[in-house]
>>> print(open('upload_13.cif').read())   # mmCIF, C-alpha atoms
data_my_file
loop_
_atom_site.label_atom_id
_atom_site.label_comp_id
_atom_site.auth_asym_id
_atom_site.auth_seq_id
_atom_site.Cartn_x
_atom_site.Cartn_y
_atom_site.Cartn_z
CA MET I 25 85.91 69.11 87.73
CA THR I 26 89.39 68.49 89.09
CA GLY I 27 90.71 71.98 88.24
CA PRO I 28 88.67 73.83 90.89
CA ARG I 29 89.42 71.06 93.40
CA VAL I 30 93.15 71.44 92.74
CA ARG I 31 92.94 75.17 93.28
CA ALA I 32 90.86 74.79 96.45
CA ALA I 33 93.27 72.21 97.88
CA ALA I 34 96.32 74.35 97.07
CA GLU I 35 94.64 77.38 98.62
CA ARG I 36 93.91 75.52 101.85
CA LEU I 37 97.44 74.16 102.07
CA PHE I 38 99.20 77.44 101.18
CA ALA I 39 97.11 79.32 103.74
CA ARG I 40 97.79 76.75 106.44
CA HIS I 41 101.50 76.07 105.93
CA GLY I 42 102.79 78.75 103.56
CA TYR I 43 103.63 78.34 99.87
CA ALA I 44 107.26 77.32 100.37
CA ALA I 45 106.39 74.49 102.78
CA VAL I 46 103.85 72.80 100.50
CA SER I 47 104.88 70.28 97.83
CA MET I 48 103.06 69.28 94.63
CA ARG I 49 102.89 65.80 96.14
CA GLN I 50 100.97 67.15 99.17
CA ILE I 51 98.56 69.03 96.93
CA ALA I 52 97.92 65.89 94.89
CA ALA I 53 97.29 63.89 98.08
CA GLU I 54 94.87 66.56 99.35
CA VAL I 55 92.91 66.35 96.07
CA GLY I 56 93.11 62.55 96.12
CA ILE I 57 94.92 62.15 92.80
CA GLY I 58 98.40 60.93 91.93
CA ALA I 59 101.34 63.36 91.76
CA GLY I 60 101.66 62.63 88.04
CA ALA I 61 97.99 63.44 87.39
CA LEU I 62 98.41 66.84 89.08
CA TYR I 63 100.76 67.95 86.30
CA HIS I 64 97.87 67.48 83.89
CA TYR I 65 96.22 70.51 85.55
CA THR I 66 99.14 72.79 86.27
CA PRO I 67 102.75 72.91 85.09
CA ASP I 68 104.11 73.75 88.56
CA LYS I 69 103.43 75.25 91.98
CA GLN I 70 104.27 78.80 90.84
CA ALA I 71 101.59 78.59 88.12
CA LEU I 72 99.07 77.52 90.78
CA LEU I 73 99.97 80.48 92.99
CA ARG I 74 99.80 82.87 90.05
CA ASP I 75 96.37 81.60 88.91
CA MET I 76 95.10 81.79 92.47
CA MET I 77 96.22 85.38 92.99
CA ARG I 78 95.17 86.50 89.54
CA SER I 79 91.69 85.04 89.76
CA HIS I 80 91.28 86.48 93.28
CA LEU I 81 92.02 89.97 91.97
CA ASP I 82 90.02 89.48 88.75
CA ASP I 83 87.04 88.37 90.83
CA LEU I 84 87.50 91.36 93.14
CA LEU I 85 87.56 93.83 90.25
CA SER I 86 84.56 92.36 88.48
CA ALA I 87 82.57 92.03 91.72
CA TRP I 88 83.15 95.74 92.41
CA ALA I 89 82.14 96.62 88.84
CA GLN I 90 78.81 94.92 89.65
CA ALA I 91 78.47 96.44 93.13
CA ASP I 92 79.53 100.00 92.28
CA PRO I 93 76.43 102.21 92.63
CA GLY I 94 78.12 105.05 90.72
CA GLY I 95 76.90 108.55 91.50
CA GLU I 96 78.19 110.81 94.23
CA ALA I 97 81.29 110.17 96.28
CA VAL I 98 79.87 109.76 99.80
CA ALA I 99 77.36 107.07 98.82
CA ARG I 100 79.99 105.37 96.68
CA LEU I 101 82.52 105.28 99.52
CA ASP I 102 79.87 103.85 101.84
CA ALA I 103 79.12 101.15 99.24
CA PHE I 104 82.82 100.47 98.67
CA ALA I 105 83.51 99.96 102.40
CA ARG I 106 80.64 97.49 102.75
CA PHE I 107 81.54 95.69 99.52
CA HIS I 108 85.20 95.33 100.48
CA ILE I 109 84.42 93.84 103.91
CA ARG I 110 81.86 91.40 102.47
CA PHE I 111 84.05 90.23 99.60
CA HIS I 112 87.08 89.65 101.83
CA LEU I 113 85.23 87.96 104.70
CA ASP I 114 83.90 85.43 102.20
CA ARG I 115 87.42 84.31 101.14
CA PRO I 116 89.79 84.38 104.11
CA ASP I 117 92.34 81.95 102.65
CA ALA I 118 92.59 83.76 99.31
CA VAL I 119 93.01 87.10 101.10
CA PHE I 120 95.66 85.72 103.42
CA ILE I 121 97.62 84.29 100.48
CA ALA I 122 97.21 87.46 98.38
CA TYR I 123 98.98 89.43 101.10
CA MET I 124 101.44 86.88 102.42
CA GLU I 125 102.75 85.16 99.38
CA LEU I 126 103.70 88.19 97.31
CA ARG I 127 107.18 87.22 98.55
CA SER I 128 106.86 83.89 96.71
CA LEU I 129 106.06 85.27 93.26
CA GLU I 130 108.66 85.28 90.53
CA PRO I 131 109.45 88.85 89.36
CA GLU I 132 107.37 88.77 86.17
CA THR I 133 104.33 87.37 87.96
CA PHE I 134 104.80 89.83 90.80
CA ALA I 135 104.60 92.71 88.31
CA GLU I 136 101.41 91.29 86.81
CA ILE I 137 99.76 90.86 90.23
CA GLU I 138 100.92 94.31 91.35
CA ALA I 139 99.25 95.85 88.30
CA LEU I 140 95.93 94.24 89.25
CA ARG I 141 96.29 95.40 92.86
CA LYS I 142 96.96 98.93 91.68
CA GLN I 143 93.83 98.75 89.54
CA TYR I 144 91.84 97.99 92.69
CA GLU I 145 93.63 100.66 94.74
CA ALA I 146 92.57 103.12 92.04
CA VAL I 147 88.92 102.49 92.96
CA PRO I 148 88.95 104.28 96.35
CA GLU I 149 91.49 106.76 94.96
CA ALA I 150 88.97 107.85 92.31
CA ILE I 151 86.18 108.07 94.88
CA LEU I 152 88.29 110.19 97.25
CA LEU I 153 89.44 112.44 94.41
CA ASP I 154 85.83 112.98 93.35
CA GLY I 155 84.83 113.69 96.97
CA LEU I 156 87.69 116.13 97.35
CA GLN I 157 86.96 117.95 94.09
CA SER I 158 83.25 118.19 94.80
CA GLY I 159 84.05 119.58 98.25
CA VAL I 160 82.32 116.85 100.28
CA MET I 161 85.49 115.16 101.57
CA GLN I 162 88.69 116.31 103.23
CA VAL I 163 91.60 114.28 101.92
CA THR I 164 95.24 115.24 102.30
CA ASP I 165 96.54 112.56 99.93
CA VAL I 166 94.24 110.34 97.88
CA LYS I 167 96.83 107.59 97.44
CA LEU I 168 97.48 107.30 101.16
CA GLY I 169 93.75 107.58 101.80
CA SER I 170 93.16 104.62 99.50
CA MET I 171 95.85 102.50 101.15
CA ALA I 172 94.57 103.40 104.62
CA LEU I 173 90.99 102.49 103.72
CA ILE I 174 91.94 99.17 102.16
CA ALA I 175 94.14 98.19 105.12
CA MET I 176 91.49 99.20 107.65
CA LEU I 177 88.74 97.26 105.87
CA THR I 178 90.81 94.16 105.11
CA GLY I 179 91.79 94.11 108.79
CA VAL I 180 88.29 92.86 109.63
CA ASN I 181 89.46 89.46 108.40
CA THR I 182 91.96 89.22 111.26
CA TRP I 183 89.36 89.34 114.04
CA TYR I 184 85.82 88.81 112.75
CA ARG I 185 84.16 85.48 113.52
CA ASP I 186 80.55 84.58 112.65
CA GLY I 187 78.56 84.18 115.86
CA GLY I 188 80.59 86.83 117.69
CA ARG I 189 79.38 90.00 119.43
CA LEU I 190 78.47 91.78 116.18
CA ASP I 191 77.08 90.33 112.97
CA ARG I 192 78.40 91.26 109.53
CA ALA I 193 75.77 93.96 108.94
CA ALA I 194 76.67 95.70 112.22
CA VAL I 195 80.38 95.50 111.43
CA GLU I 196 79.73 96.98 107.97
CA ASP I 197 77.77 99.85 109.54
CA VAL I 198 80.53 100.70 112.01
CA TYR I 199 83.32 100.47 109.43
CA ALA I 200 81.44 102.43 106.76
CA ARG I 201 81.00 105.20 109.31
CA MET I 202 84.72 105.14 110.20
CA ALA I 203 85.69 105.12 106.51
CA LEU I 204 83.59 108.24 105.92
CA GLY I 205 84.95 109.89 109.07
CA MET I 206 88.49 109.24 107.87
CA VAL I 207 87.81 111.58 104.95
CA GLY I 208 85.99 114.17 107.01
CA VAL I 209 82.40 113.06 106.42
CA GLN I 210 80.51 112.91 109.69
CA THR I 211 77.46 110.69 109.73
CA VAL I 212 74.82 110.21 112.41
CA ALA I 213 75.56 107.55 115.02
CA VAL I 214 74.45 104.04 114.07
CA MET F 12 126.52 87.06 121.51
CA THR F 13 125.12 84.18 119.49
CA GLY F 14 121.61 84.44 121.00
CA PRO F 15 120.70 87.70 119.20
CA ARG F 16 122.31 86.42 115.99
CA VAL F 17 120.22 83.24 116.17
CA ARG F 18 117.05 85.26 116.62
CA ALA F 19 117.94 87.66 113.80
CA ALA F 20 118.75 84.78 111.43
CA ALA F 21 115.52 82.95 112.29
CA GLU F 22 113.53 86.17 111.80
CA ARG F 23 115.01 86.75 108.35
CA LEU F 24 114.38 83.17 107.28
CA PHE F 25 110.83 82.94 108.70
CA ALA F 26 109.89 86.24 107.03
CA ARG F 27 111.34 85.16 103.71
CA HIS F 28 110.14 81.55 103.48
CA GLY F 29 107.57 81.08 106.24
CA TYR F 30 108.03 79.25 109.53
CA ALA F 31 107.01 75.80 108.27
CA ALA F 32 109.50 75.87 105.39
CA VAL F 33 112.56 76.69 107.53
CA SER F 34 114.58 73.98 109.29
CA MET F 35 116.79 74.27 112.37
CA ARG F 36 119.65 73.22 110.08
CA GLN F 37 119.03 76.22 107.79
CA ILE F 38 118.94 78.57 110.77
CA ALA F 39 122.25 77.17 112.02
CA ALA F 40 123.79 77.59 108.55
CA GLU F 41 122.55 81.21 108.38
CA VAL F 42 124.20 81.95 111.75
CA GLY F 43 127.32 80.07 110.72
CA ILE F 44 127.26 77.49 113.53
CA GLY F 45 126.65 73.75 113.53
CA ALA F 46 123.14 72.34 113.88
CA GLY F 47 124.15 70.79 117.21
CA ALA F 48 125.40 74.12 118.56
CA LEU F 49 122.04 75.74 117.74
CA TYR F 50 120.33 73.54 120.34
CA HIS F 51 122.51 75.20 122.94
CA TYR F 52 120.52 78.40 122.35
CA THR F 53 117.01 77.15 121.82
CA PRO F 54 115.27 73.81 122.46
CA ASP F 55 113.37 73.92 119.15
CA LYS F 56 111.92 76.04 116.34
CA GLN F 57 108.66 76.64 118.21
CA ALA F 58 110.56 78.17 121.13
CA LEU F 59 112.35 80.49 118.69
CA LEU F 60 109.04 81.63 117.19
CA ARG F 61 107.52 82.11 120.61
CA ASP F 62 110.48 84.18 121.90
CA MET F 63 110.43 86.25 118.72
CA MET F 64 106.73 87.07 118.95
CA ARG F 65 106.82 87.61 122.68
CA SER F 66 109.75 89.97 122.61
CA HIS F 67 108.21 91.85 119.67
CA LEU F 68 105.06 92.49 121.69
CA ASP F 69 106.95 93.16 124.94
CA ASP F 70 109.08 95.75 123.11
CA LEU F 71 105.97 97.29 121.57
CA LEU F 72 104.24 97.63 124.95
CA SER F 73 107.27 99.09 126.70
CA ALA F 74 108.06 101.45 123.82
CA TRP F 75 104.51 102.82 124.01
CA ALA F 76 104.79 103.17 127.79
CA GLN F 77 107.78 105.45 127.07
CA ALA F 78 106.15 107.32 124.16
CA ASP F 79 102.70 107.83 125.74
CA PRO F 80 102.32 111.56 126.41
CA GLY F 81 99.32 110.95 128.69
CA GLY F 82 96.84 113.79 129.03
CA GLU F 83 93.88 114.41 126.78
CA ALA F 84 92.56 111.97 124.19
CA VAL F 85 93.11 113.89 120.93
CA ALA F 86 96.80 114.55 121.56
CA ARG F 87 97.25 111.00 122.78
CA LEU F 88 95.65 109.50 119.68
CA ASP F 89 97.85 111.69 117.49
CA ALA F 90 100.92 110.45 119.41
CA PHE F 91 99.74 106.84 119.24
CA ALA F 92 99.27 106.95 115.44
CA ARG F 93 102.76 108.35 114.92
CA PHE F 94 104.32 105.95 117.42
CA HIS F 95 102.66 102.90 115.87
CA ILE F 96 103.82 103.74 112.34
CA ARG F 97 107.38 104.45 113.48
CA PHE F 98 107.71 101.34 115.63
CA HIS F 99 106.37 99.04 112.90
CA LEU F 100 108.32 100.56 110.00
CA ASP F 101 111.50 99.91 111.96
CA ARG F 102 110.86 96.13 112.18
CA PRO F 103 109.18 94.88 109.00
CA ASP F 104 110.20 91.22 109.42
CA ALA F 105 109.02 91.01 113.03
CA VAL F 106 105.69 92.62 112.10
CA PHE F 107 105.18 90.31 109.14
CA ILE F 108 105.87 87.25 111.31
CA ALA F 109 103.69 88.52 114.17
CA TYR F 110 100.70 88.60 111.81
CA MET F 111 101.45 85.66 109.54
CA GLU F 112 102.71 83.01 111.84
CA LEU F 113 99.96 83.06 114.44
CA ARG F 114 98.88 79.97 112.50
CA SER F 115 102.14 78.25 113.47
CA LEU F 116 101.87 78.70 117.24
CA GLU F 117 100.97 75.80 119.47
CA PRO F 118 97.69 76.47 121.36
CA GLU F 119 99.26 77.40 124.70
CA THR F 120 101.71 79.80 123.09
CA PHE F 121 98.97 81.24 120.91
CA ALA F 122 96.97 82.10 124.05
CA GLU F 123 100.01 83.80 125.59
CA ILE F 124 100.69 85.88 122.45
CA GLU F 125 97.01 86.72 122.06
CA ALA F 126 96.98 88.09 125.61
CA LEU F 127 99.87 90.43 124.78
CA ARG F 128 98.17 91.56 121.56
CA LYS F 129 94.99 92.30 123.48
CA GLN F 130 97.02 94.36 125.94
CA TYR F 131 98.20 96.49 123.03
CA GLU F 132 94.73 96.72 121.46
CA ALA F 133 93.55 98.06 124.83
CA VAL F 134 95.78 101.13 124.32
CA PRO F 135 93.75 102.77 121.52
CA GLU F 136 90.56 101.38 123.11
CA ALA F 137 91.28 103.37 126.27
CA ILE F 138 92.11 106.51 124.29
CA LEU F 139 88.90 106.26 122.24
CA LEU F 140 86.82 105.60 125.35
CA ASP F 141 88.32 108.66 127.02
CA GLY F 142 87.67 110.74 123.89
CA LEU F 143 84.10 109.51 123.72
CA GLN F 144 83.40 110.15 127.39
CA SER F 145 84.95 113.60 127.32
CA GLY F 146 82.86 114.43 124.24
CA VAL F 147 85.76 115.15 121.88
CA MET F 148 85.44 111.99 119.76
CA GLN F 149 82.60 110.21 117.99
CA VAL F 150 83.06 106.48 118.30
CA THR F 151 80.37 103.88 117.65
CA ASP F 152 82.36 100.97 119.04
CA VAL F 153 85.70 101.41 120.80
CA LYS F 154 86.83 97.83 120.16
CA LEU F 155 86.21 98.08 116.42
CA GLY F 156 87.74 101.54 116.42
CA SER F 157 90.89 100.12 117.97
CA MET F 158 91.11 97.26 115.47
CA ALA F 159 90.48 99.64 112.55
CA LEU F 160 93.18 102.04 113.72
CA ILE F 161 95.77 99.33 114.24
CA ALA F 162 95.07 97.74 110.83
CA MET F 163 95.17 101.10 109.06
CA LEU F 164 98.45 102.11 110.70
CA THR F 165 100.17 98.74 110.34
CA GLY F 166 99.19 98.81 106.66
CA VAL F 167 101.89 101.43 106.08
CA ASN F 168 104.39 98.55 106.22
CA THR F 169 102.91 97.02 103.05
CA TRP F 170 103.69 99.99 100.78
CA TYR F 171 106.12 102.46 102.42
CA ARG F 172 109.68 102.54 101.08
CA ASP F 173 112.38 104.98 102.21
CA GLY F 174 113.24 107.32 99.34
CA GLY F 175 109.68 107.26 97.95
CA ARG F 176 107.34 110.19 97.26
CA LEU F 177 106.74 110.96 100.96
CA ASP F 178 109.15 110.68 103.86
CA ARG F 179 108.23 109.12 107.19
CA ALA F 180 107.32 112.44 108.81
CA ALA F 181 104.91 113.29 105.98
CA VAL F 182 103.33 109.83 106.15
CA GLU F 183 102.90 110.20 109.92
CA ASP F 184 101.19 113.57 109.42
CA VAL F 185 98.72 112.24 106.87
CA TYR F 186 97.90 109.11 108.86
CA ALA F 187 97.57 110.94 112.19
CA ARG F 188 95.03 113.20 110.51
CA MET F 189 93.11 110.22 109.10
CA ALA F 190 93.18 108.48 112.49
CA LEU F 191 91.65 111.54 114.13
CA GLY F 192 89.10 111.93 111.31
CA MET F 193 88.06 108.32 111.80
CA VAL F 194 86.83 109.23 115.29
CA GLY F 195 85.23 112.49 114.24
CA VAL F 196 88.06 114.89 115.06
CA GLN F 197 88.63 117.28 112.16
CA THR F 198 92.06 118.86 112.05
CA VAL F 199 93.40 121.56 109.77
CA ALA F 200 94.85 120.35 106.47
CA VAL F 201 98.55 119.48 106.62
#
>>> encode(input="upload_13.cif", output="C-alpha cells")
Amino acid sequence: MTGPRVRAAAERLFARHGYAAVSMRQIAAEVGIGAGALYHYTPDKQALLRDMMRSHLDDLLSAWAQADPGGEAVARLDAFARFHIRFHLDRPDAVFIAYMELRSLEPETFAEIEALRKQYEAVPEAILLDGLQSGVMQVTDVKLGSMALIAMLTGVNTWYRDGGRLDRAAVEDVYARMALGMVGVQTVAV
Amino acid sequence: MTGPRVRAAAERLFARHGYAAVSMRQIAAEVGIGAGALYHYTPDKQALLRDMMRSHLDDLLSAWAQADPGGEAVARLDAFARFHIRFHLDRPDAVFIAYMELRSLEPETFAEIEALRKQYEAVPEAILLDGLQSGVMQVTDVKLGSMALIAMLTGVNTWYRDGGRLDRAAVEDVYARMALGMVGVQTVAV
C-alpha cells in the first residue's frame, strides 16, 4: 500500500518544487513514514523519477492500444486527438514532470525514456503516413506533423481548468477539428 | 556589466536545476563574485526570476511589433508562425523557465507575468479573428486557436537541434503550412 503513496507523494513534490529541490527526507515526511523506511520502497530519488516517467509512458501506450479504433486515418486521428487530451488532462503532475525533468535523468535512463516517447510519437506518425498514402491528408513531413500534433494537444494542460468557459468535450471537439485541419482535412464547423 | 552576467548565470542555473534548487550563493559563484556583492544587483532570487520572465515577454512583444508585416490575415499568420519559432529557438533557457517556473512566482508577480502572456496570446487571436471575419480562415474558437498555435510552435524547442535533418528555414516552412492548415487555409506543398 505504501508504494503507490510514495510515488504519489514524490510526484506532487517534484511537480511543485522540481526534482533537484526535493529530498528523500521530504518525500518520507509527505508520506508520513521515516526516512529509513522510504529506502525499503526505492533505492534512491533517481529510481523514483525513472519509475514515475516509465509508468507514465507505459500507461499512455497501453491506454492508446485500448482506445485506438483502428480503421481509416481521419477517424483515427480524430480519436487520437481526443484520447491524448483526455489522458493528459487527467494527470497534470505526471505530464509536467515527463516534460520538465528529462534534464534530471541519468544518461542510461534518459535513453530508455526517450525510446518510450518515440514509440508514442510513432502513433500519430503512422496515422499521418496512412492518411498521406491513402490521399486523404496533406502532410509535408510526418515526423514534424507528429511533433506538432503532440505539442498542440498537450498544450491544453497549460490553460484548461474544469468549470471554465468550455467543458472537456467542447475542448476535444475544437482541438480534433484543428488537428484534422493541420493535415488538410476540413470538417464541418462544430 | 555585472547585471547581464548575473541574469545570464541565473538563467543557466534555473534552467538546469530548477528555481527552487538554486541558491543565491550558487548564482554568485557562477558569476564569479561574492554572495554579498550579488545583493548589490538584485534584492533576492524572486526579483531575479521576475526580471527574467518580464524581460523575456517584453522582448517577445517588442520583437513581434518589429516583425509584424500587418496587412491581411493569411500573410500575417505565416509571418507570426515563422517569427515565433525563430524567437523561441534563439532562447531555449528563457523559454523553458517562462513555462516551468510560473509555479515559483509569488501571486502578485504571477499576475503581472500572466498579463504579459495574455498580451502575446492576443496577437494570434487578433489575426485569427481577422481571418475569420474576412472569410479566409475557418476558426471555431479564436482563443483556443491561439493557444493551439502557440503550443504547437513553441514545441519546436523540445526537439529541434541545429545540424539535424532539417534546418531552421525548412522547419519554419513546414510549421507555417501546418499553422495555416489548422485554420482551414490550404497552401501548396513545400
>>> resolve_selection(input="upload_13.cif", expression="the PyMOL selection byres ((chain I) within 7 of (chain F))", output="list in words")
Arg40, His41, Gly42, Ala44, Ala45, Arg127, Thr164, Ala172, Leu173, Ala175, Met176, Gly179, Val198, Met202, Ala203, Gly205, Met206, Val207, Gly208, Gln210, Ala213 and Val214 of chain I
>>> atom_distance(input="upload_13.cif", atom1="CA of Leu84 in chain I", atom2="CA of Ala103 in chain I")
14.3 Å
>>> residues_around(input="upload_13.cif", residues="Asp101 in chain F", least_positions_apart="5", cutoff="10 Å", atoms="all atoms listed in the file", output="PyMOL selection string")
chain F and resi 96+106+168
>>> closest_residue(input="upload_13.cif", among="F:Glu83, F:Glu41, F:Asp173, F:Asp69", to="Gly142 in chain F", atoms="all atoms listed in the file")
F:Glu83
>>> resolve_selection(input="upload_13.cif", expression="the PyMOL selection byres ((chain I and resi 81) around 9)", output="NGL selection string")
:I and (76-80 or 82-86 or 122 or 137 or 140-141 or 144)
>>> atom_distance(input="upload_13.cif", atom1="CA of Ser47 in chain I", atom2="CA of Glu130 in chain I")
17.1 Å
>>> atom_distance(input="upload_13.cif", atom1="CA of Phe111 in chain I", atom2="CA of Pro148 in chain I")
15.2 Å
>>> residues_around(input="upload_13.cif", residues="Arg74 in chain I", least_positions_apart="6", cutoff="9 Å", atoms="all atoms listed in the file", output="PyMOL selection string")
chain I and resi 129+133-134+137
>>> resolve_selection(input="upload_13.cif", expression="the PyMOL selection byres ((chain F and resi 84) around 9)", output="PyMOL selection string")
chain F and resi 81-83+85-89+137-143+145+147-148
>>> write_last_selection(input="upload_13.cif", atoms="C-alpha atoms", output="mmCIF file, in the coordinates of the input")
data_model
loop_
_atom_site.group_PDB
_atom_site.id
_atom_site.type_symbol
_atom_site.label_atom_id
_atom_site.label_comp_id
_atom_site.auth_asym_id
_atom_site.auth_seq_id
_atom_site.Cartn_x
_atom_site.Cartn_y
_atom_site.Cartn_z
ATOM 1 C CA GLY F 81 99.320 110.950 128.690
ATOM 2 C CA GLY F 82 96.840 113.790 129.030
ATOM 3 C CA GLU F 83 93.880 114.410 126.780
ATOM 4 C CA VAL F 85 93.110 113.890 120.930
ATOM 5 C CA ALA F 86 96.800 114.550 121.560
ATOM 6 C CA ARG F 87 97.250 111.000 122.780
ATOM 7 C CA LEU F 88 95.650 109.500 119.680
ATOM 8 C CA ASP F 89 97.850 111.690 117.490
ATOM 9 C CA ALA F 137 91.280 103.370 126.270
ATOM 10 C CA ILE F 138 92.110 106.510 124.290
ATOM 11 C CA LEU F 139 88.900 106.260 122.240
ATOM 12 C CA LEU F 140 86.820 105.600 125.350
ATOM 13 C CA ASP F 141 88.320 108.660 127.020
ATOM 14 C CA GLY F 142 87.670 110.740 123.890
ATOM 15 C CA LEU F 143 84.100 109.510 123.720
ATOM 16 C CA SER F 145 84.950 113.600 127.320
ATOM 17 C CA VAL F 147 85.760 115.150 121.880
ATOM 18 C CA MET F 148 85.440 111.990 119.760
#
>>> decode(input="upload_13.cif", residues="range 62-80 of chain I", atoms="N, CA and C atoms", output="PDB file, in the first residue's frame")
ATOM      1  N   LEU I  62      11.642   4.723   3.869  1.00  0.00           N
ATOM      2  CA  LEU I  62      11.481   5.055   2.445  1.00  0.00           C
ATOM      3  C   LEU I  62      12.405   4.206   1.579  1.00  0.00           C
ATOM      4  N   TYR I  63      13.615   3.925   2.096  1.00  0.00           N
ATOM      5  CA  TYR I  63      14.577   3.145   1.313  1.00  0.00           C
ATOM      6  C   TYR I  63      14.152   1.688   1.159  1.00  0.00           C
ATOM      7  N   HIS I  64      13.136   1.279   1.899  1.00  0.00           N
ATOM      8  CA  HIS I  64      12.556  -0.039   1.694  1.00  0.00           C
ATOM      9  C   HIS I  64      11.815  -0.101   0.352  1.00  0.00           C
ATOM     10  N   TYR I  65      11.329   1.065  -0.116  1.00  0.00           N
ATOM     11  CA  TYR I  65      10.495   1.103  -1.321  1.00  0.00           C
ATOM     12  C   TYR I  65      11.255   1.520  -2.573  1.00  0.00           C
ATOM     13  N   THR I  66      12.321   2.251  -2.381  1.00  0.00           N
ATOM     14  CA  THR I  66      13.066   2.734  -3.547  1.00  0.00           C
ATOM     15  C   THR I  66      14.525   2.944  -3.159  1.00  0.00           C
ATOM     16  N   PRO I  67      15.458   2.552  -4.022  1.00  0.00           N
ATOM     17  CA  PRO I  67      16.869   2.711  -3.652  1.00  0.00           C
ATOM     18  C   PRO I  67      17.285   4.186  -3.581  1.00  0.00           C
ATOM     19  N   ASP I  68      16.725   5.032  -4.434  1.00  0.00           N
ATOM     20  CA  ASP I  68      17.101   6.447  -4.407  1.00  0.00           C
ATOM     21  C   ASP I  68      16.089   7.285  -5.200  1.00  0.00           C
ATOM     22  N   LYS I  69      16.345   8.581  -5.223  1.00  0.00           N
ATOM     23  CA  LYS I  69      15.422   9.531  -5.854  1.00  0.00           C
ATOM     24  C   LYS I  69      15.380   9.319  -7.361  1.00  0.00           C
ATOM     25  N   GLN I  70      16.529   8.996  -7.957  1.00  0.00           N
ATOM     26  CA  GLN I  70      16.592   8.782  -9.407  1.00  0.00           C
ATOM     27  C   GLN I  70      15.706   7.586  -9.810  1.00  0.00           C
ATOM     28  N   ALA I  71      15.699   6.536  -8.989  1.00  0.00           N
ATOM     29  CA  ALA I  71      14.862   5.366  -9.282  1.00  0.00           C
ATOM     30  C   ALA I  71      13.380   5.751  -9.228  1.00  0.00           C
ATOM     31  N   LEU I  72      13.029   6.619  -8.294  1.00  0.00           N
ATOM     32  CA  LEU I  72      11.647   7.105  -8.196  1.00  0.00           C
ATOM     33  C   LEU I  72      11.245   7.860  -9.462  1.00  0.00           C
ATOM     34  N   LEU I  73      12.134   8.745  -9.908  1.00  0.00           N
ATOM     35  CA  LEU I  73      11.847   9.549 -11.105  1.00  0.00           C
ATOM     36  C   LEU I  73      11.717   8.638 -12.324  1.00  0.00           C
ATOM     37  N   ARG I  74      12.622   7.682 -12.425  1.00  0.00           N
ATOM     38  CA  ARG I  74      12.599   6.750 -13.549  1.00  0.00           C
ATOM     39  C   ARG I  74      11.302   5.936 -13.566  1.00  0.00           C
ATOM     40  N   ASP I  75      10.913   5.380 -12.420  1.00  0.00           N
ATOM     41  CA  ASP I  75       9.675   4.585 -12.345  1.00  0.00           C
ATOM     42  C   ASP I  75       8.470   5.436 -12.712  1.00  0.00           C
ATOM     43  N   MET I  76       8.483   6.677 -12.237  1.00  0.00           N
ATOM     44  CA  MET I  76       7.380   7.599 -12.478  1.00  0.00           C
ATOM     45  C   MET I  76       7.235   7.864 -13.976  1.00  0.00           C
ATOM     46  N   MET I  77       8.353   8.183 -14.620  1.00  0.00           N
ATOM     47  CA  MET I  77       8.305   8.505 -16.046  1.00  0.00           C
ATOM     48  C   MET I  77       7.994   7.273 -16.867  1.00  0.00           C
ATOM     49  N   ARG I  78       8.588   6.140 -16.474  1.00  0.00           N
ATOM     50  CA  ARG I  78       8.362   4.930 -17.244  1.00  0.00           C
ATOM     51  C   ARG I  78       6.910   4.483 -17.132  1.00  0.00           C
ATOM     52  N   SER I  79       6.350   4.523 -15.920  1.00  0.00           N
ATOM     53  CA  SER I  79       4.975   4.043 -15.820  1.00  0.00           C
ATOM     54  C   SER I  79       4.012   5.039 -16.482  1.00  0.00           C
ATOM     55  N   HIS I  80       4.356   6.328 -16.466  1.00  0.00           N
ATOM     56  CA  HIS I  80       3.520   7.305 -17.194  1.00  0.00           C
ATOM     57  C   HIS I  80       3.451   6.943 -18.680  1.00  0.00           C
TER      58      HIS I  80
END
